[in-house]
$ cat start15.pdb   # PDB, C-alpha atoms
ATOM      1  CA  MET P  22    -206.455 -67.908-138.968
ATOM      2  CA  THR P  23    -206.222 -69.967-142.155
ATOM      3  CA  GLU P  24    -206.942 -73.658-141.521
ATOM      4  CA  ILE P  25    -204.346 -76.064-142.896
ATOM      5  CA  ARG P  26    -205.039 -79.745-143.425
ATOM      6  CA  VAL P  27    -203.006 -81.932-141.070
ATOM      7  CA  ARG P  28    -202.219 -85.508-142.067
ATOM      8  CA  THR P  29    -202.388 -87.711-138.982
ATOM      9  CA  ARG P  30    -200.804 -90.869-140.430
ATOM     10  CA  PRO P  31    -197.226 -91.360-141.634
ATOM     11  CA  LEU P  32    -196.392 -91.589-145.314
ATOM     12  CA  PRO P  33    -195.155 -94.854-146.847
ATOM     13  CA  PRO P  34    -191.363 -95.269-146.925
ATOM     14  CA  GLU P  35    -191.356 -94.777-150.709
ATOM     15  CA  ALA P  36    -192.351 -91.148-150.207
ATOM     16  CA  HIS P  37    -188.772 -90.667-149.015
ATOM     17  CA  THR P  38    -186.776 -93.462-150.624
ATOM     18  CA  ASP P  39    -188.069 -92.862-154.167
ATOM     19  CA  ARG P  40    -186.959 -89.236-154.244
ATOM     20  CA  PRO P  41    -183.456 -88.246-155.378
ATOM     21  CA  TRP P  42    -182.375 -86.792-152.044
ATOM     22  CA  ARG P  43    -178.678 -86.258-151.424
ATOM     23  CA  ILE P  44    -179.046 -87.920-148.019
ATOM     24  CA  HIS P  45    -179.289 -91.341-149.725
ATOM     25  CA  GLU P  46    -175.668 -91.180-150.859
ATOM     26  CA  ILE P  47    -174.434 -89.646-147.618
ATOM     27  CA  ALA P  48    -176.129 -91.860-145.040
ATOM     28  CA  PRO P  49    -176.882 -95.246-146.649
ATOM     29  CA  ASP P  50    -176.186 -97.021-143.347
ATOM     30  CA  PHE P  51    -178.983 -95.209-141.496
ATOM     31  CA  ARG P  52    -182.417 -96.850-141.218
ATOM     32  CA  LEU P  53    -185.526 -94.980-142.250
ATOM     33  CA  GLU P  54    -187.808 -94.848-139.204
ATOM     34  CA  ASP P  55    -190.650 -92.466-140.136
ATOM     35  CA  VAL P  56    -191.852 -90.242-142.984
ATOM     36  CA  TRP P  57    -194.430 -87.502-142.416
ATOM     37  CA  GLU P  58    -196.068 -84.869-144.556
ATOM     38  CA  LEU P  59    -195.670 -81.474-142.898
ATOM     39  CA  PRO P  60    -198.647 -79.073-143.065
ATOM     40  CA  THR P  61    -196.709 -76.252-144.736
ATOM     41  CA  PRO P  62    -198.337 -75.291-148.055
ATOM     42  CA  GLY P  63    -196.128 -72.812-149.883
ATOM     43  CA  GLY P  64    -194.167 -71.894-152.946
ATOM     44  CA  ALA P  65    -191.205 -73.494-154.634
ATOM     45  CA  HIS P  66    -188.580 -71.579-152.635
ATOM     46  CA  ASP P  67    -190.066 -71.581-149.125
ATOM     47  CA  LEU P  68    -187.857 -74.226-147.485
ATOM     48  CA  PRO P  69    -185.581 -71.617-145.837
ATOM     49  CA  LEU P  70    -188.657 -70.028-144.239
ATOM     50  CA  LEU P  71    -189.648 -73.347-142.701
ATOM     51  CA  VAL P  72    -186.120 -74.089-141.515
ATOM     52  CA  ARG P  73    -185.958 -70.738-139.721
ATOM     53  CA  LEU P  74    -189.401 -71.345-138.203
ATOM     54  CA  MET P  75    -188.296 -74.732-136.860
ATOM     55  CA  THR P  76    -184.828 -73.803-135.636
ATOM     56  CA  ASP P  77    -185.167 -70.268-134.273
ATOM     57  CA  ARG P  78    -187.322 -70.932-131.221
ATOM     58  CA  ASP P  79    -186.342 -69.911-127.700
ATOM     59  CA  ASP P  80    -188.944 -72.045-125.914
ATOM     60  CA  ASP P  81    -191.618 -74.655-126.569
ATOM     61  CA  ARG P  82    -194.702 -72.854-125.247
ATOM     62  CA  ASP P  83    -196.366 -73.146-128.645
ATOM     63  CA  PHE P  84    -196.571 -76.906-128.119
ATOM     64  CA  PRO P  85    -199.369 -78.627-126.155
ATOM     65  CA  LEU P  86    -198.810 -79.468-122.501
ATOM     66  CA  PRO P  87    -198.656 -83.286-122.968
ATOM     67  CA  TYR P  88    -195.895 -82.817-125.559
ATOM     68  CA  ARG P  89    -193.887 -80.581-123.228
ATOM     69  CA  VAL P  90    -194.377 -82.898-120.261
ATOM     70  CA  LEU P  91    -193.247 -85.914-122.281
ATOM     71  CA  PHE P  92    -190.058 -84.197-123.381
ATOM     72  CA  ALA P  93    -189.399 -82.877-119.881
ATOM     73  CA  ILE P  94    -189.577 -86.461-118.632
ATOM     74  CA  ARG P  95    -187.279 -87.599-121.455
ATOM     75  CA  TRP P  96    -184.611 -84.998-120.636
ATOM     76  CA  TRP P  97    -184.918 -85.786-116.912
ATOM     77  CA  LEU P  98    -184.425 -89.500-117.579
ATOM     78  CA  GLY P  99    -181.549 -88.667-119.873
ATOM     79  CA  ARG P 100    -179.778 -86.843-117.073
ATOM     80  CA  LEU P 101    -180.639 -89.551-114.542
ATOM     81  CA  LEU P 102    -179.410 -92.425-116.728
ATOM     82  CA  GLY P 103    -176.570 -90.548-118.393
ATOM     83  CA  LEU P 104    -178.053 -90.935-121.869
ATOM     84  CA  ASP P 105    -177.113 -87.476-123.057
ATOM     85  CA  SER P 106    -173.574 -86.964-121.806
ATOM     86  CA  GLU P 107    -171.130 -85.104-124.032
ATOM     87  CA  ASP P 108    -169.067 -88.294-124.334
ATOM     88  CA  ASP P 109    -171.959 -89.918-126.207
ATOM     89  CA  GLY P 110    -172.680 -86.983-128.519
ATOM     90  CA  ILE P 111    -171.692 -85.866-131.986
ATOM     91  CA  GLY P 112    -167.928 -85.843-132.413
ATOM     92  CA  GLN P 113    -167.447 -88.134-129.400
ATOM     93  CA  ARG P 114    -169.260 -91.490-129.567
ATOM     94  CA  VAL P 115    -170.000 -90.972-133.265
ATOM     95  CA  PRO P 116    -168.418 -88.680-135.869
ATOM     96  CA  SER P 117    -170.571 -85.967-137.337
ATOM     97  CA  LEU P 118    -172.284 -86.746-140.612
ATOM     98  CA  ARG P 119    -170.659 -83.561-141.898
ATOM     99  CA  GLU P 120    -167.417 -85.530-142.200
ATOM    100  CA  ARG P 121    -169.019 -87.523-145.031
ATOM    101  CA  LEU P 122    -170.237 -84.565-147.063
ATOM    102  CA  PRO P 123    -169.041 -84.151-150.642
ATOM    103  CA  ALA P 124    -167.230 -80.925-151.455
ATOM    104  CA  ASP P 125    -170.294 -79.107-152.790
ATOM    105  CA  LEU P 126    -172.181 -79.508-149.486
ATOM    106  CA  ARG P 127    -169.452 -78.709-146.977
ATOM    107  CA  GLU P 128    -170.291 -74.996-146.747
ATOM    108  CA  THR P 129    -174.060 -75.436-146.596
ATOM    109  CA  ALA P 130    -174.804 -76.368-142.982
ATOM    110  CA  GLY P 131    -177.820 -74.111-142.547
ATOM    111  CA  PRO P 132    -179.012 -72.829-139.151
ATOM    112  CA  GLY P 133    -178.792 -74.934-136.011
ATOM    113  CA  PHE P 134    -181.541 -75.376-133.440
ATOM    114  CA  THR P 135    -181.702 -73.002-130.492
ATOM    115  CA  ASN P 136    -183.721 -75.116-128.039
ATOM    116  CA  VAL P 137    -183.001 -78.778-128.842
ATOM    117  CA  PRO P 138    -179.623 -80.567-129.203
ATOM    118  CA  PHE P 139    -179.675 -80.993-132.994
ATOM    119  CA  ASP P 140    -176.667 -79.932-135.074
ATOM    120  CA  ALA P 141    -177.164 -78.770-138.656
ATOM    121  CA  VAL P 142    -175.529 -80.971-141.307
ATOM    122  CA  TYR P 143    -176.397 -79.388-144.652
ATOM    123  CA  GLN P 144    -179.047 -77.366-146.465
ATOM    124  CA  THR P 145    -179.823 -77.138-150.184
ATOM    125  CA  ASP P 146    -182.704 -75.639-152.144
ATOM    126  CA  ASP P 147    -184.915 -78.601-151.241
ATOM    127  CA  GLU P 148    -183.256 -80.413-148.314
ATOM    128  CA  TYR P 149    -182.306 -79.653-144.732
ATOM    129  CA  VAL P 150    -180.636 -82.206-142.460
ATOM    130  CA  ALA P 151    -179.803 -82.039-138.754
ATOM    131  CA  GLU P 152    -178.346 -84.712-136.476
ATOM    132  CA  ILE P 153    -178.392 -85.764-132.840
ATOM    133  CA  ALA P 154    -176.512 -88.461-130.947
ATOM    134  CA  ASN P 155    -176.683 -89.889-127.447
ATOM    135  CA  ARG P 156    -176.028 -93.222-125.787
ATOM    136  CA  THR P 157    -178.952 -94.895-127.578
ATOM    137  CA  VAL P 158    -178.939 -93.629-131.153
ATOM    138  CA  HIS P 159    -177.409 -91.458-133.854
ATOM    139  CA  GLY P 160    -180.426 -89.831-135.467
ATOM    140  CA  LEU P 161    -181.056 -87.639-138.493
ATOM    141  CA  MET P 162    -183.950 -85.324-139.233
ATOM    142  CA  HIS P 163    -184.365 -84.808-142.966
ATOM    143  CA  VAL P 164    -186.757 -82.107-144.177
ATOM    144  CA  GLY P 165    -187.439 -82.137-147.907
ATOM    145  CA  TRP P 166    -189.427 -79.634-149.973
ATOM    146  CA  VAL P 167    -191.679 -81.373-152.499
ATOM    147  CA  ALA P 168    -194.294 -80.516-155.112
ATOM    148  CA  ASP P 169    -197.850 -80.928-153.833
ATOM    149  CA  ASP P 170    -199.861 -83.363-155.970
ATOM    150  CA  ASN P 171    -203.110 -81.974-154.560
ATOM    151  CA  ALA P 172    -202.314 -78.321-155.268
ATOM    152  CA  PRO P 173    -200.926 -77.633-158.767
ATOM    153  CA  GLY P 174    -198.004 -75.244-158.504
ATOM    154  CA  GLY P 175    -197.858 -75.693-154.751
ATOM    155  CA  TYR P 176    -195.258 -77.237-152.474
ATOM    156  CA  HIS P 177    -194.989 -78.527-148.932
ATOM    157  CA  ALA P 178    -192.413 -80.174-146.691
ATOM    158  CA  GLN P 179    -192.043 -83.758-145.665
ATOM    159  CA  MET P 180    -189.951 -84.930-142.747
ATOM    160  CA  ALA P 181    -188.054 -88.204-142.515
ATOM    161  CA  VAL P 182    -186.398 -89.581-139.396
ATOM    162  CA  LEU P 183    -183.380 -91.828-139.987
ATOM    163  CA  VAL P 184    -181.610 -93.707-137.215
ATOM    164  CA  LYS P 185    -178.579 -95.781-136.423
ATOM    165  CA  PRO P 186    -179.302 -97.496-133.061
ATOM    166  CA  ASN P 187    -176.467 -98.070-130.632
ATOM    167  CA  GLY P 188    -176.683-101.841-130.226
ATOM    168  CA  VAL P 189    -179.337-103.694-128.222
ATOM    169  CA  VAL P 190    -179.902-100.747-125.895
ATOM    170  CA  GLY P 191    -180.596 -98.455-128.820
ATOM    171  CA  GLU P 192    -183.036-100.882-130.435
ATOM    172  CA  ALA P 193    -184.865-101.341-127.139
ATOM    173  CA  TYR P 194    -185.073 -97.591-126.642
ATOM    174  CA  LEU P 195    -186.559 -97.014-130.103
ATOM    175  CA  THR P 196    -189.107 -99.773-129.521
ATOM    176  CA  LEU P 197    -190.046 -98.299-126.142
ATOM    177  CA  ILE P 198    -190.644 -94.759-127.382
ATOM    178  CA  LYS P 199    -192.421 -95.628-130.644
ATOM    179  CA  PRO P 200    -195.971 -95.581-129.179
ATOM    180  CA  PHE P 201    -195.314 -92.210-127.569
ATOM    181  CA  ARG P 202    -193.996 -90.806-130.852
ATOM    182  CA  TYR P 203    -197.106 -91.856-132.739
ATOM    183  CA  LEU P 204    -199.681 -91.030-130.047
ATOM    184  CA  ILE P 205    -198.237 -87.785-128.646
ATOM    185  CA  VAL P 206    -195.132 -86.408-130.328
ATOM    186  CA  TYR P 207    -196.024 -86.467-134.020
ATOM    187  CA  PRO P 208    -199.678 -85.359-133.699
ATOM    188  CA  ALA P 209    -198.665 -82.451-131.473
ATOM    189  CA  LEU P 210    -195.768 -81.539-133.752
ATOM    190  CA  MET P 211    -197.975 -81.529-136.865
ATOM    191  CA  ARG P 212    -200.693 -79.390-135.273
ATOM    192  CA  THR P 213    -198.154 -76.925-133.937
ATOM    193  CA  ILE P 214    -196.318 -76.599-137.259
ATOM    194  CA  ALA P 215    -199.660 -76.045-139.024
ATOM    195  CA  ARG P 216    -200.590 -73.295-136.566
ATOM    196  CA  LEU P 217    -197.206 -71.571-136.752
ATOM    197  CA  TRP P 218    -197.100 -71.819-140.543
ATOM    198  CA  ALA P 219    -200.598 -70.360-140.888
ATOM    199  CA  ARG P 220    -199.674 -67.551-138.499
ATOM    200  CA  ARG P 221    -196.530 -66.808-140.496
ATOM    201  CA  ALA P 222    -198.527 -66.686-143.729
ATOM    202  CA  GLU P 223    -201.086 -64.267-142.283
ATOM    203  CA  VAL P 224    -198.396 -61.973-140.887
ATOM    204  CA  SER P 225    -196.581 -61.828-144.240
ATOM    205  CA  ALA P 226    -199.797 -61.360-146.255
TER     206      ALA P 226
END
$ encode --input "start15.pdb" --output "C-alpha coordinates"
Amino acid sequence: MTEIRVRTRPLPPEAHTDRPWRIHEIAPDFRLEDVWELPTPGGAHDLPLLVRLMTDRDDDRDFPLPYRVLFAIRWWLGRLLGLDSEDDGIGQRVPSLRERLPADLRETAGPGFTNVPFDAVYQTDDEYVAEIANRTVHGLMHVGWVADDNAPGGYHAQMAVLVKPNGVVGEAYLTLIKPFRYLIVYPALMRTIARLWARRAEVSA
(Lines of atoms letter the chains of each structure in order from A and count residues from 1; the text may use other names and numbers.)
(Lines give C-alpha, C1' and ligand atoms only; values in the text may rest on other atoms or scores of the structure.)
Protein backbone atom coordinates (compact mmCIF):
# COMPACT_ATOMS: atom_id res chain seq x y z
CA MET A 1 0.00 0.00 0.00
CA THR A 2 1.30 3.47 -0.87
CA GLU A 3 2.56 5.32 2.22
CA ILE A 4 1.17 8.83 2.67
CA ARG A 5 2.79 11.40 4.91
CA VAL A 6 0.63 12.23 7.93
CA ARG A 7 1.03 15.60 9.63
CA THR A 8 0.65 15.14 13.38
CA ARG A 9 0.38 18.81 14.40
CA PRO A 10 -2.40 21.28 13.56
CA LEU A 11 -1.90 24.03 11.02
CA PRO A 12 -1.80 27.69 12.08
CA PRO A 13 -5.16 29.49 11.97
CA GLU A 14 -4.03 31.49 8.93
CA ALA A 15 -4.08 28.31 6.86
CA HIS A 16 -7.87 28.63 7.05
CA THR A 17 -8.55 32.31 7.67
CA ASP A 18 -6.32 33.59 4.84
CA ARG A 19 -8.12 31.59 2.16
CA PRO A 20 -11.18 32.97 0.35
CA TRP A 21 -13.59 30.33 1.63
CA ARG A 22 -17.31 31.02 1.37
CA ILE A 23 -17.73 29.91 4.98
CA HIS A 24 -16.18 33.21 6.16
CA GLU A 25 -19.17 35.20 4.92
CA ILE A 26 -21.71 32.63 6.05
CA ALA A 27 -20.52 31.90 9.59
CA PRO A 28 -18.55 34.92 10.86
CA ASP A 29 -19.88 34.36 14.38
CA PHE A 30 -18.33 30.89 14.70
CA ARG A 31 -14.91 30.52 16.34
CA LEU A 32 -12.13 28.67 14.59
CA GLU A 33 -11.07 25.81 16.87
CA ASP A 34 -8.68 23.66 14.81
CA VAL A 35 -7.13 23.43 11.34
CA TRP A 36 -5.56 20.20 10.07
CA GLU A 37 -3.93 19.09 6.86
CA LEU A 38 -5.60 15.89 5.65
CA PRO A 39 -3.34 13.20 4.13
CA THR A 40 -5.19 13.05 0.81
CA PRO A 41 -2.81 13.81 -2.09
CA GLY A 42 -4.78 14.10 -5.31
CA GLY A 43 -5.77 16.12 -8.31
CA ALA A 44 -7.58 19.41 -8.67
CA HIS A 45 -11.07 17.88 -8.81
CA ASP A 46 -10.87 15.14 -6.17
CA LEU A 47 -12.85 16.79 -3.36
CA PRO A 48 -16.06 14.87 -4.20
CA LEU A 49 -14.12 11.60 -3.88
CA LEU A 50 -12.98 12.54 -0.39
CA VAL A 51 -16.45 13.68 0.65
CA ARG A 52 -17.93 10.34 -0.41
CA LEU A 53 -15.14 8.49 1.41
CA MET A 54 -15.85 10.41 4.62
CA THR A 55 -19.64 10.36 4.53
CA ASP A 56 -20.56 6.97 3.08
CA ARG A 57 -19.45 4.70 5.92
CA ASP A 58 -21.74 2.21 7.63
CA ASP A 59 -19.47 1.56 10.62
CA ASP A 60 -16.22 2.71 12.21
CA ARG A 61 -14.22 -0.53 12.18
CA ASP A 62 -11.51 1.12 10.10
CA PHE A 63 -10.66 3.29 13.11
CA PRO A 64 -8.36 2.17 15.96
CA LEU A 65 -9.90 0.71 19.10
CA PRO A 66 -9.04 3.67 21.40
CA TYR A 67 -10.82 6.02 18.98
CA ARG A 68 -13.93 3.83 18.91
CA VAL A 69 -13.95 3.39 22.68
CA LEU A 70 -13.65 7.14 23.23
CA PHE A 71 -16.59 7.88 20.97
CA ALA A 72 -18.65 5.07 22.49
CA ILE A 73 -18.10 6.68 25.89
CA ARG A 74 -19.03 10.10 24.46
CA TRP A 75 -22.32 8.84 23.00
CA TRP A 76 -23.09 6.96 26.23
CA LEU A 77 -22.50 10.11 28.29
CA GLY A 78 -24.57 12.07 25.82
CA ARG A 79 -27.52 9.78 26.39
CA LEU A 80 -26.97 9.74 30.15
CA LEU A 81 -26.74 13.53 30.48
CA GLY A 82 -29.21 14.37 27.73
CA LEU A 83 -26.62 16.21 25.65
CA ASP A 84 -27.85 14.94 22.32
CA SER A 85 -31.62 15.19 22.54
CA GLU A 86 -33.54 16.24 19.44
CA ASP A 87 -34.63 19.41 21.25
CA ASP A 88 -31.00 20.55 21.31
CA GLY A 89 -30.22 19.69 17.68
CA ILE A 90 -30.23 21.45 14.34
CA GLY A 91 -33.55 23.16 13.68
CA GLN A 92 -34.48 23.05 17.38
CA ARG A 93 -32.02 24.75 19.76
CA VAL A 94 -30.23 26.39 16.82
CA PRO A 95 -31.33 27.05 13.23
CA SER A 96 -29.47 25.26 10.49
CA LEU A 97 -26.64 27.15 8.85
CA ARG A 98 -28.41 26.39 5.57
CA GLU A 99 -30.85 29.19 6.43
CA ARG A 100 -28.00 31.68 5.94
CA LEU A 101 -26.87 30.44 2.55
CA PRO A 102 -26.88 32.83 -0.40
CA ALA A 103 -28.98 31.82 -3.39
CA ASP A 104 -26.13 30.21 -5.33
CA LEU A 105 -25.40 27.72 -2.52
CA ARG A 106 -28.91 26.68 -1.53
CA GLU A 107 -29.04 23.67 -3.87
CA THR A 108 -25.54 22.42 -3.12
CA ALA A 109 -25.84 20.53 0.17
CA GLY A 110 -23.72 17.55 -0.81
CA PRO A 111 -24.03 14.12 0.83
CA GLY A 112 -24.80 13.70 4.51
CA PHE A 113 -23.03 11.35 6.90
CA THR A 114 -24.39 7.84 7.37
CA ASN A 115 -22.88 7.00 10.77
CA VAL A 116 -22.46 10.28 12.68
CA PRO A 117 -25.04 13.03 13.36
CA PHE A 118 -23.65 15.65 10.95
CA ASP A 119 -25.96 17.37 8.46
CA ALA A 120 -24.57 18.59 5.14
CA VAL A 121 -24.71 22.37 4.63
CA TYR A 122 -23.16 23.02 1.22
CA GLN A 123 -20.58 21.72 -1.24
CA THR A 124 -18.69 23.56 -3.98
CA ASP A 125 -15.73 22.63 -6.16
CA ASP A 126 -13.34 23.24 -3.26
CA GLU A 127 -15.43 23.32 -0.06
CA TYR A 128 -17.65 20.96 1.88
CA VAL A 129 -19.37 21.95 5.12
CA ALA A 130 -21.40 19.87 7.58
CA GLU A 131 -22.90 20.86 10.93
CA ILE A 132 -23.82 19.31 14.26
CA ALA A 133 -25.58 20.72 17.32
CA ASN A 134 -26.26 19.47 20.82
CA ARG A 135 -26.67 20.98 24.26
CA THR A 136 -23.03 22.10 24.41
CA VAL A 137 -22.14 23.44 20.98
CA HIS A 138 -23.13 24.22 17.40
CA GLY A 139 -20.19 22.93 15.39
CA LEU A 140 -19.10 23.05 11.77
CA MET A 141 -16.71 20.81 9.89
CA HIS A 142 -15.21 22.60 6.91
CA VAL A 143 -13.21 20.57 4.38
CA GLY A 144 -11.34 22.63 1.80
CA TRP A 145 -9.39 21.42 -1.24
CA VAL A 146 -6.11 23.30 -1.63
CA ALA A 147 -3.03 23.31 -3.86
CA ASP A 148 -0.10 21.43 -2.34
CA ASP A 149 2.99 23.63 -1.99
CA ASN A 150 5.20 20.55 -1.66
CA ALA A 151 3.89 18.80 -4.77
CA PRO A 152 3.62 21.02 -7.87
CA GLY A 153 0.33 20.36 -9.61
CA GLY A 154 -0.95 18.41 -6.63
CA TYR A 155 -3.75 19.06 -4.16
CA HIS A 156 -4.88 17.86 -0.76
CA ALA A 157 -7.62 18.61 1.75
CA GLN A 158 -7.50 20.57 4.94
CA MET A 159 -10.13 20.38 7.65
CA ALA A 160 -11.22 23.21 9.92
CA VAL A 161 -13.47 22.87 12.95
CA LEU A 162 -15.54 25.94 13.82
CA VAL A 163 -17.67 26.20 16.94
CA LYS A 164 -20.25 28.31 18.68
CA PRO A 165 -20.32 27.13 22.33
CA ASN A 166 -23.60 27.12 24.21
CA GLY A 167 -22.70 29.37 27.14
CA VAL A 168 -20.51 28.37 30.10
CA VAL A 169 -21.42 24.70 29.76
CA GLY A 170 -20.32 24.66 26.14
CA GLU A 171 -17.01 26.38 26.90
CA ALA A 172 -16.32 23.95 29.73
CA TYR A 173 -17.12 20.99 27.50
CA LEU A 174 -14.75 22.16 24.76
CA THR A 175 -11.99 22.70 27.32
CA LEU A 176 -12.57 19.24 28.79
CA ILE A 177 -12.40 17.35 25.50
CA LYS A 178 -9.49 19.27 23.94
CA PRO A 179 -6.73 16.96 25.27
CA PHE A 180 -8.61 13.91 24.02
CA ARG A 181 -9.05 15.49 20.58
CA TYR A 182 -5.34 16.17 20.24
CA LEU A 183 -4.05 12.94 21.82
CA ILE A 184 -6.55 10.42 20.44
CA VAL A 185 -9.15 11.72 18.00
CA TYR A 186 -7.10 13.69 15.49
CA PRO A 187 -4.10 11.32 15.27
CA ALA A 188 -6.41 8.35 14.75
CA LEU A 189 -8.51 10.25 12.23
CA MET A 190 -5.46 11.31 10.20
CA ARG A 191 -3.97 7.81 10.10
CA THR A 192 -7.28 6.28 9.11
CA ILE A 193 -7.94 8.82 6.35
CA ALA A 194 -4.42 8.24 5.00
CA ARG A 195 -4.98 4.48 4.93
CA LEU A 196 -8.41 4.72 3.30
CA TRP A 197 -7.20 7.27 0.75
CA ALA A 198 -4.20 5.13 -0.19
CA ARG A 199 -6.46 2.09 -0.52
CA ARG A 200 -8.84 4.04 -2.74
CA ALA A 201 -5.97 5.18 -4.96
CA GLU A 202 -4.64 1.64 -5.38
CA VAL A 203 -8.07 0.24 -6.21
CA SER A 204 -8.66 2.92 -8.87
CA ALA A 205 -5.15 2.60 -10.35
$ residues_near_point --input "start15.pdb" --point "(-189.7, -72.9, -143.0)" --cutoff "10 Å" --atoms "all atoms listed in the file" --output "ChimeraX atom specification"
/P:61,63,66-76,164,166,177-178,214,217-218,221
$ resolve_selection --input "start15.pdb" --expression "the PyMOL selection byres ((chain P and resi 152) around 6)" --output "list in words"
Phe139, Asp140, Ala151, Ile153, Gly160 and Leu161 of chain P
$ residues_around --input "start15.pdb" --residues "segment 47-49 of chain P" --least-positions-apart "5" --cutoff "10 Å" --atoms "only C-alpha atoms" --output "list in words"
Trp42, Leu118, Arg119, Glu120, Arg121, Leu122, Pro123, Leu161, Leu183, Val184 and Lys185 of chain P
$ closest_residue --input "start15.pdb" --among "P:Ala154, P:Leu210, P:Ala181, P:Ala124" --to "Arg40 of chain P" --atoms "all atoms listed in the file"
P:Ala181
$ residues_around --input "start15.pdb" --residues "Tyr143 of chain P" --least-positions-apart "6" --cutoff "6 Å" --atoms "only C-alpha atoms" --output "list in words"
Thr129, Ala130, Gly131, Tyr149 and Val150 of chain P
$ resolve_selection --input "start15.pdb" --expression "the PyMOL selection byres ((chain P and resi 186-202) around 7)" --output "number ranges by chain"
P: 156-159, 184-185, 203-207
$ atom_distance --input "start15.pdb" --atom1 "atom CA of Phe51 of chain P" --atom2 "atom CA of His37 of chain P"
13.2 Å
$ closest_residue --input "start15.pdb" --among "P:Gly110, P:Leu53, P:Asn155, P:Ala36" --to "Ala168 of chain P" --atoms "all atoms listed in the file"
P:Ala36
$ resolve_selection --input "start15.pdb" --expression "the PyMOL selection byres ((chain P and resi 30) around 12)" --output "VMD selection string"
chain P and resid 27 to 29 31 to 33 55 to 59 202 to 204 207 to 208 211
$ atom_distance --input "start15.pdb" --atom1 "atom CA of His45 of chain P" --atom2 "atom CA of Pro173 of chain P"
27.2 Å
$ atom_distance --input "start15.pdb" --atom1 "atom CA of Arg26 of chain P" --atom2 "atom CA of Thr135 of chain P"
27.5 Å
$ closest_residue --input "start15.pdb" --among "P:Val115, P:Ile44, P:Ala219, P:Ile25" --to "Thr145 of chain P" --atoms "all atoms listed in the file"
P:Ile44
$ axis_aligned_box --input "start15.pdb" --around "segment 64-78 of chain P" --padding-each-side "5 Å" --output "JSON"
{"center_x": -189.5, "center_y": -72.4, "center_z": -142.9, "size_x": 19.3, "size_y": 14.7, "size_z": 33.4}
$ closest_residue --input "start15.pdb" --among "P:Met180, P:Pro138, P:Pro132, P:Gly175" --to "Pro34 of chain P" --atoms "all atoms listed in the file"
P:Met180
